[in-house]
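Working notes, beginning with the structure itself.
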Number of protein chains: 2
Amino acid sequence: MLLRTSASSSRPVDGPLSALAAERVFCSEFRYRRGTEIFGEGEETEYVYQIVSGAVRTYKLLCDGRRQVNAFHLPGDMFGLENGAAHRFSAEAVVATTVRIAKRRSLVEAMQGQRAGSSRVLGLVTQNLQHAENHMLLLGRKTALERVAAFLLEMDRRLGHPDVIVLPMSRRDIADYLGLTLETVSRACSKLRDQKMLKLEGPTQRQVVLLDRKGLAEYDT
Amino acid sequence: MLLRTSASSSRPVDGPLSALAAERVFCSEFRYRRGTEIFGEGEETEYVYQIVSGAVRTYKLLCDGRRQVNAFHLPGDMFGLENGAAHRFSAEAVVATTVRIAKRRSLVEAMQGQRAGSSRVLGLVTQNLQHAENHMLLLGRKTALERVAAFLLEMDRRLGHPDVIVLPMSRRDIADYLGLTLETVSRACSKLRDQKMLKLEGPTQRQVVLLDRKGLAEYDT
DNA sequence: CGTCGCGTTGACAAGGTTCAAATTTGGTGG
DNA sequence: CCACCAAATTTGAACCTTGTCAACGCGACG
């Protein structure tokens, strides 16, 4: 798995929780096979998760099956921490995934123990909010090409600007993240390839080499 | 966003912040004329605001002028509280608006004084996040009619289910909130009117009477 | 009384979706 | 080892929802 758990600047997570991990709040590891549900919308928020390896999507569904992926979570990221008693969305493993699990209660208690604890939680929620605000701009106002360019740059950044971006998610996942159809995502990728902004490799074209990050960034704005 | 500080559904005034207001953290009132900027994206977060009367929009812009309205803020709502030192979006008065202003520093200090203070901030940020998550679903996956129906039901709820919803914002504002054009919003309103789900009144059709909330809710899902 | 802002409506264009077909690959079982 | 099938992706063509452009009406206001 080429997903790097970049520790450096581009990846602002692992920070807030490493202390907790060290305290053994994250008591056990757990593995999920590709495509399996980790929790469902509306379920009780019993656990909090941190990804060791793999990738997770969190999403909401409309009653007729339309899906909106809120976010992709990569190694080092935490997810599933919510204020209320119920999850506001569902989570599934995009690929085979290993997570560390903490009881929500014990995490909350540990937070109260630490003085800086609650502000760390606040920081995490704020980060999520910030991402959501940017994503609303993307979903509400950007073209298909701009969305795909922004997505690739986001992954590039979060994976620490590797030579080859190995996407764990399918075109459909990307489409549901970007508010498009999988065909439109595929066409946008092809267009960017034709414009020599990237190369697509690998059996399912999930390995992406960015050839012109500046050009892509101009689509982003 | 939609910082609803209301505890009970029908009276959106003074929730988590009333204690602070009582402590005179909100030291002064300020008035903005319709259309004026309250703060701009990137500016220093010097103040925090609570609306006394009127309405405010917060939004982001792309470089070519495309606009995405994050949220509308109504009387009782708080806005402008951010973790970092810089505002992540701009805020403008939709109509003539009176706000109470608190220095961010003094608010933060007051929070640290109160034990429950920081968890109140967390609650506000979480509410914003929750709204943003729902809005991503709307922007990414709902049709124009569904978006407009959802918008009207949101306003109805936040205004306490009045007989007549008096919208403070223009069709363009609504469009930029819903990721549509003003013409599409207008057409959707006309269609709902033709379907007898609502009545449009007033000189600029900004007074809305919901005739069939159940029917609208089915568009919402 | 003319102008301006706002909203509605129509005609047309276009970006994105839908439907369909072809390709590739990996897995499974004979 | 190989045949066969399922899943993922790409690409094309037709279609449709929404955007664009324009005209018009209405009320407010100077």
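Just so we're on the same page: first chain in the structure tokens is A, next is B, and so on; residues restart at 1 for each chain, and ligands are numbered from 1 in the order they show up.
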
For Val209 of chain A, find every residue with an atom within 6 Å (counting only C-alpha atoms (C1' of nucleotides)), except residues of its own chain fewer than 3 positions away, and show them as an mmCIF file with C-alpha atoms, in the first residue's frame.
data_model
loop_
_atom_site.group_PDB
_atom_site.id
_atom_site.type_symbol
_atom_site.label_atom_id
_atom_site.label_comp_id
_atom_site.auth_asym_id
_atom_site.auth_seq_id
_atom_site.Cartn_x
_atom_site.Cartn_y
_atom_site.Cartn_z
ATOM 1 C CA VAL A 164 2.845 8.710 -7.827
ATOM 2 C CA LEU A 198 -1.059 14.216 -15.490
ATOM 3 C CA LYS A 199 -0.412 10.607 -16.377
#

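All C-alpha atoms of chain A and chain B, which share one sequence, were paired in order; after least-squares superposition their RMSD is 2.7 Å.
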
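Taking atom CA of Gly76 of chain A and atom CA of Val95 of chain A as the two end points, the separation is 15.4 Å.
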
**Report entry** Which of segment 31-128 of chain B fall in strand (DSSP E or B), as a ChimeraX atom specification
**Finding:** /B:31-32,37-39,44,47-53,56-61,67-73,78-79,86,90-93,97-103

Query raised in the report: Could you write out as a ChimeraX atom specification the residues of chain C within 8 Å of chain B, counting only C-alpha atoms (C1' of nucleotides)?
Result: /C:6-8

Query - Expected answer as number ranges by chain: chain B residues within 10 Å of chain A, only C-alpha atoms - result: B: 1, 59-64, 66-70, 82-84, 88-89, 118-119, 121-123, 125-142, 175-180, 220-221

Query - Contact residues around segment 18-30 of chain D with only C-alpha atoms (C1' of nucleotides) at 8 Å, ignoring same-chain residues under 2 positions, as an MDAnalysis selection string - result: (chainID B and resid 181 184 203) or (chainID C and resid 13:14)

Take the residues just selected and output them with all heavy atoms as a short mmCIF file (atom, residue, chain, number, x, y, z; two decimals), in the first residue's frame.
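In the end it all went to result_26.cif:
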data_model
loop_
_atom_site.label_atom_id
_atom_site.label_comp_id
_atom_site.auth_asym_id
_atom_site.auth_seq_id
_atom_site.Cartn_x
_atom_site.Cartn_y
_atom_site.Cartn_z
N THR B 181 -28.70 29.27 -10.14
CA THR B 181 -28.81 30.65 -10.60
C THR B 181 -30.12 31.22 -10.08
O THR B 181 -31.05 30.49 -9.73
CB THR B 181 -28.82 30.72 -12.13
OG1 THR B 181 -29.94 30.00 -12.62
CG2 THR B 181 -27.55 30.14 -12.70
N THR B 184 -33.17 29.96 -11.92
CA THR B 184 -33.61 28.61 -11.54
C THR B 184 -34.37 28.65 -10.22
O THR B 184 -35.38 27.94 -10.06
CB THR B 184 -32.40 27.67 -11.45
OG1 THR B 184 -31.76 27.63 -12.72
CG2 THR B 184 -32.82 26.26 -11.07
N PRO B 203 -44.50 42.77 -2.65
CA PRO B 203 -44.04 43.44 -3.87
C PRO B 203 -42.95 42.65 -4.59
O PRO B 203 -42.96 42.56 -5.80
CB PRO B 203 -43.49 44.77 -3.34
CG PRO B 203 -43.28 44.57 -1.87
CD PRO B 203 -44.28 43.57 -1.44
P DA C 13 -29.23 27.98 -29.88
OP1 DA C 13 -28.47 28.54 -31.01
OP2 DA C 13 -29.98 26.71 -30.01
"O5'" DA C 13 -28.22 27.86 -28.65
"C5'" DA C 13 -27.79 29.03 -27.96
"C4'" DA C 13 -26.81 28.66 -26.85
"O4'" DA C 13 -27.54 28.19 -25.69
"C3'" DA C 13 -25.84 27.53 -27.22
"O3'" DA C 13 -24.58 27.83 -26.66
"C2'" DA C 13 -26.49 26.29 -26.60
"C1'" DA C 13 -27.21 26.86 -25.38
N9 DA C 13 -28.47 26.19 -25.03
C8 DA C 13 -29.47 25.85 -25.89
N7 DA C 13 -30.50 25.28 -25.30
C5 DA C 13 -30.13 25.24 -23.97
C6 DA C 13 -30.78 24.75 -22.82
N6 DA C 13 -31.99 24.19 -22.84
N1 DA C 13 -30.14 24.86 -21.64
C2 DA C 13 -28.93 25.44 -21.62
N3 DA C 13 -28.22 25.93 -22.63
C4 DA C 13 -28.88 25.80 -23.79
P DA C 14 -23.37 26.85 -26.94
OP1 DA C 14 -22.18 27.68 -27.16
OP2 DA C 14 -23.79 25.82 -27.93
"O5'" DA C 14 -23.22 26.12 -25.53
"C5'" DA C 14 -23.35 26.88 -24.33
"C4'" DA C 14 -23.21 25.96 -23.14
"O4'" DA C 14 -24.49 25.34 -22.85
"C3'" DA C 14 -22.24 24.80 -23.36
"O3'" DA C 14 -21.60 24.53 -22.15
"C2'" DA C 14 -23.16 23.64 -23.74
"C1'" DA C 14 -24.35 23.95 -22.83
N9 DA C 14 -25.61 23.37 -23.27
C8 DA C 14 -26.03 23.17 -24.54
N7 DA C 14 -27.22 22.64 -24.64
C5 DA C 14 -27.61 22.47 -23.32
C6 DA C 14 -28.77 21.95 -22.73
N6 DA C 14 -29.80 21.48 -23.44
N1 DA C 14 -28.83 21.92 -21.39
C2 DA C 14 -27.80 22.39 -20.68
N3 DA C 14 -26.66 22.90 -21.13
C4 DA C 14 -26.62 22.91 -22.46
#

Report task. Per DSSP on the backbone, filter segment 2-219 of chain B down to the residues in helix (DSSP H, G or I) and report them as a PyMOL selection string. Result -> chain B and resi 18-22+104-113+117-141+144-158+171-178+182-194+213-219

Query raised in the report: When you draw a straight line from atom CA of Gly42 of chain A to atom CA of Ala85 of chain A, how long is it in Å?
Result: 8.7 Å

Requested in this report: May I have the residues within 12 Å of Ala93 of chain A as a PyMOL selection string, using only C-alpha atoms (C1' of nucleotides) and disregarding those fewer than 6 positions away in the same chain?
Outcome: chain A and resi 30-39+49+51+53-59+72-74+99+168-169+173

Query raised in the report: Near chain A, which residues of chain D fall within 8 Å when you count only C-alpha atoms (C1' of nucleotides), and what do they look like as a list in words?
Result: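 For chain D, the answer reads DA8, DT9 and DT10 of chain D.
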
Query - Neighbour list for Glu218 of chain A as a ChimeraX atom specification, cut-off 10 Å, only C-alpha atoms (C1' of nucleotides), skip fewer than 5 positions in-chain - result: /A:146,149-150,213

Since we have the selection now, will you write its residues out, keeping C-alpha atoms, as a PDB file, in the first residue's frame?
ATOM      1  CA  GLU A 146     -12.164  22.293 -11.465  1.00  0.00           C
ATOM      2  CA  ALA A 149      -8.302  19.129 -10.338  1.00  0.00           C
ATOM      3  CA  ALA A 150      -9.046  20.214  -6.772  1.00  0.00           C
ATOM      4  CA  ARG A 213       0.759  21.053 -10.470  1.00  0.00           C
TER       5      ARG A 213
END

Query raised in the report: Counting only C-alpha atoms (C1' of nucleotides), what is within 10 Å of DC5 of chain D, bar same-chain residues fewer than 2 positions away, as a list in words?
Result: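 Listing them by chain and then by number gives DG27 and DT28 of chain C; DA3 and DA7 of chain D.
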
Filtering to N, CA, C and O atoms (P, O5', C5', C4', C3', O3' and C1' of nucleotides), could you give me those residues as an mmCIF file, in the first residue's frame?
data_model
loop_
_atom_site.group_PDB
_atom_site.id
_atom_site.type_symbol
_atom_site.label_atom_id
_atom_site.label_comp_id
_atom_site.auth_asym_id
_atom_site.auth_seq_id
_atom_site.Cartn_x
_atom_site.Cartn_y
_atom_site.Cartn_z
ATOM 1 P P DG C 27 -6.696 -11.011 -7.713
ATOM 2 O "O5'" DG C 27 -8.023 -11.898 -7.685
ATOM 3 C "C5'" DG C 27 -9.293 -11.234 -7.629
ATOM 4 C "C4'" DG C 27 -10.394 -12.260 -7.742
ATOM 5 C "C3'" DG C 27 -10.081 -13.594 -7.057
ATOM 6 O "O3'" DG C 27 -11.264 -14.095 -6.449
ATOM 7 C "C1'" DG C 27 -10.445 -13.953 -9.369
ATOM 8 P P DT C 28 -11.171 -15.340 -5.488
ATOM 9 O "O5'" DT C 28 -12.009 -16.416 -6.291
ATOM 10 C "C5'" DT C 28 -13.038 -15.975 -7.177
ATOM 11 C "C4'" DT C 28 -13.661 -17.184 -7.845
ATOM 12 C "C3'" DT C 28 -13.342 -18.521 -7.166
ATOM 13 O "O3'" DT C 28 -14.482 -19.345 -7.167
ATOM 14 C "C1'" DT C 28 -12.562 -18.557 -9.397
ATOM 15 P P DA D 3 -8.635 -21.064 -22.861
ATOM 16 O "O5'" DA D 3 -10.175 -21.212 -22.480
ATOM 17 C "C5'" DA D 3 -10.656 -22.464 -21.976
ATOM 18 C "C4'" DA D 3 -11.901 -22.218 -21.146
ATOM 19 C "C3'" DA D 3 -12.794 -21.094 -21.671
ATOM 20 O "O3'" DA D 3 -14.158 -21.459 -21.492
ATOM 21 C "C1'" DA D 3 -12.041 -20.553 -19.492
ATOM 22 P P DA D 7 -19.717 -7.860 -9.323
ATOM 23 O "O5'" DA D 7 -18.478 -6.868 -9.508
ATOM 24 C "C5'" DA D 7 -17.229 -7.201 -8.901
ATOM 25 C "C4'" DA D 7 -16.189 -6.177 -9.317
ATOM 26 C "C3'" DA D 7 -16.699 -4.736 -9.318
ATOM 27 O "O3'" DA D 7 -15.735 -3.898 -8.708
ATOM 28 C "C1'" DA D 7 -15.810 -5.281 -11.440
#

Query - atom CA of Arg104 of chain A to atom CA of Glu43 of chain A, straight-line distance in Å - result: 13.3 Å
